[in-house]
Amino acid sequence: EQSGRQTPRTPFYNYTKSMLVQNDNVMGTYIAWLPNAVDGQDKANIGEVHTFDNGQFAPYWYRNTDGSLGYRALNLKTVYENIEKGSTDSAWYTCPVDTGKTCLAEPYSWEAGGRTIVGTSITLPLLVDGQVKGMAGIDMELSFLTQLAESADQSLYDGQGQVILLSNTGLVAADSDSQLALAKTYSGKHKDQLLGFVKQGQKQMLQLDGEFWAVEPIRLPGVNTPWAVVIRLNENLVLAGAILTKESMATEFNESMVSLVLIGAVIAGLGIVL
């Protein structure tokens with residue numbers, strides 16, 4: 001349990017924790033106010049448990065392997081270093097701040113509670129009178145997607161096909177065959193062609209070299225970068241199964257992610273005014 005001096009920022013710090021407690025499917029919750037953008041008290045809060053080194057309000061609560069909760073301030077030093085060198089590695093922070101829109105981060109790995117997790121983040125801007133005052137977000141693990149892909153492949157094709165989930169830029173979020181490295185760029189067959197369809201959000205069904213491929217875009221409300229379910233099957237397998245799989249995967253992923261977007265929206269909505 002983290003404690004510290006009670007300040008006007010304390011309720012927001014506690015609220016970030018309570019949202020994690022109430023949502024078992026979320027791995028982390030956080031808020032970051034822009035420097036002196038909300039209360040103008042960054043200097044007065046230097047050293048407080050809920051702040052970054054410069055006094056910027058930035059609490060981050062996360063779930064440990066055993067289910068207990070851990071806490072630290074967001075590492076904004078890395079964020080500012082990435083911004084300075086023009087890197088997109090901190091897009092989870094910069095995307096909602098720069099665009100004022102909901103953002104779905106590319107799959108990535110992070111450290112929390114002594115373990116490396118592959119997941120994604122849904123981040124939203126904190127808006128006051130139309131102006132961005134900061135950002136809020138949630139982290140989620142992607143292991144359920146791999147389980148979903150494996151289940152779909154096994155139940156419909158007795159494990160003879162391959163079900164892959166790709167992010168908008170082509171990073172692998174799930175692979176039923178465990179052949180592809182997660183959170184890395186897709187390196188399988190017909191890479192350029194498939195990644196082009198995914199990037200553009202195009203639905204496709206095609207036959208290539210004796211195999212059937214299907215691409216089904218997945219779109220989330222307010223997010224302009226669709227992901228996609230990709231199905232690979234021997235052309236002798238039943239086409240109807242592929243259609244059912246990609247639609248089922250798209251629906252289940254969309255429903256799961258929409259619920260998380262709503263959780264993130266609640267955090268963002270109360271991230272400045274309780």
# chains A, B, ... in the order shown; residues from 1 in each chain; ligands from 1
>>> select_by_dssp(residues="range 111-208 of chain A", states="strand (DSSP E or B)", output="number ranges by chain")
A: 111-112, 115-128, 131-141, 162-166, 171-175, 185, 204-208
>>> residues_around(residues="Thr99 in chain A", least_positions_apart="4", cutoff="10 Å", atoms="only C-alpha atoms", output="list in words")
Thr94, Cys95, Cys103, Leu124, Pro125 and Val132 of chain A
>>> write_last_selection(atoms="N, CA and C atoms", output="tab-separated table (two decimals), in the first residue's frame")
chain	number	residue	atom	x	y	z
A	94	THR	N	2.13	10.23	-26.26
A	94	THR	CA	2.08	11.33	-27.21
A	94	THR	C	0.86	11.30	-28.12
A	95	CYS	N	0.35	10.11	-28.46
A	95	CYS	CA	-0.78	10.03	-29.39
A	95	CYS	C	-2.02	10.76	-28.87
A	103	CYS	N	-6.48	6.40	-28.58
A	103	CYS	CA	-5.41	5.72	-29.31
A	103	CYS	C	-5.26	4.28	-28.82
A	124	LEU	N	-6.37	7.85	-23.75
A	124	LEU	CA	-7.33	8.88	-24.13
A	124	LEU	C	-6.85	10.23	-23.61
A	125	PRO	N	-7.25	11.32	-24.28
A	125	PRO	CA	-6.86	12.65	-23.82
A	125	PRO	C	-7.73	13.11	-22.65
A	132	VAL	N	-6.46	19.91	-24.51
A	132	VAL	CA	-5.82	18.74	-23.90
A	132	VAL	C	-5.01	19.18	-22.69
>>> closest_residue(among="A:Asp192, A:Glu235, A:Val128, A:Val163", to="Gln179 in chain A", atoms="only C-alpha atoms")
A:Val163
>>> select_by_dssp(residues="range 56-225 of chain A", states="alpha helix (DSSP H)", output="ChimeraX atom specification")
/A:76-84,91-99,143-157,191-200
>>> residues_around(residues="range 75-85 of chain A", least_positions_apart="6", cutoff="12 Å", atoms="only C-alpha atoms", output="list in words")
Tyr30, Ile31, Ala32, Trp33, Leu34, Pro35, His50, Thr51, Phe52, Asp53, Asn54, Gly55, Gln56, Phe57, Ala58, Pro59, Tyr60, Ala91, Trp92, Tyr93, Thr94, Cys95, Asp98, Trp110 and Glu111 of chain A
>>> closest_residue(among="A:Val97, A:Arg219, A:Ser167, A:Ile46", to="Thr120 in chain A", atoms="only C-alpha atoms")
A:Ser167
>>> closest_residue(among="A:Ala105, A:Trp213, A:Leu126, A:Ile231", to="Ala152 in chain A", atoms="only C-alpha atoms")
A:Ile231
>>> residues_around(residues="Tyr71 in chain A", least_positions_apart="3", cutoff="12 Å", atoms="only C-alpha atoms", output="JSON, numbers by chain")
{"A": [1, 2, 3, 13, 14, 16, 17, 20, 27, 28, 29, 30, 49, 50, 51, 58, 59, 60, 61, 62, 63, 64, 68, 74, 75, 112, 113]}
>>> closest_residue(among="A:Val229, A:Ile138, A:Ala37, A:Leu208", to="Ile164 in chain A", atoms="only C-alpha atoms")
A:Val229
>>> atom_distance(atom1="CA of Asn36 in chain A", atom2="CA of Gln131 in chain A")
13.9 Å
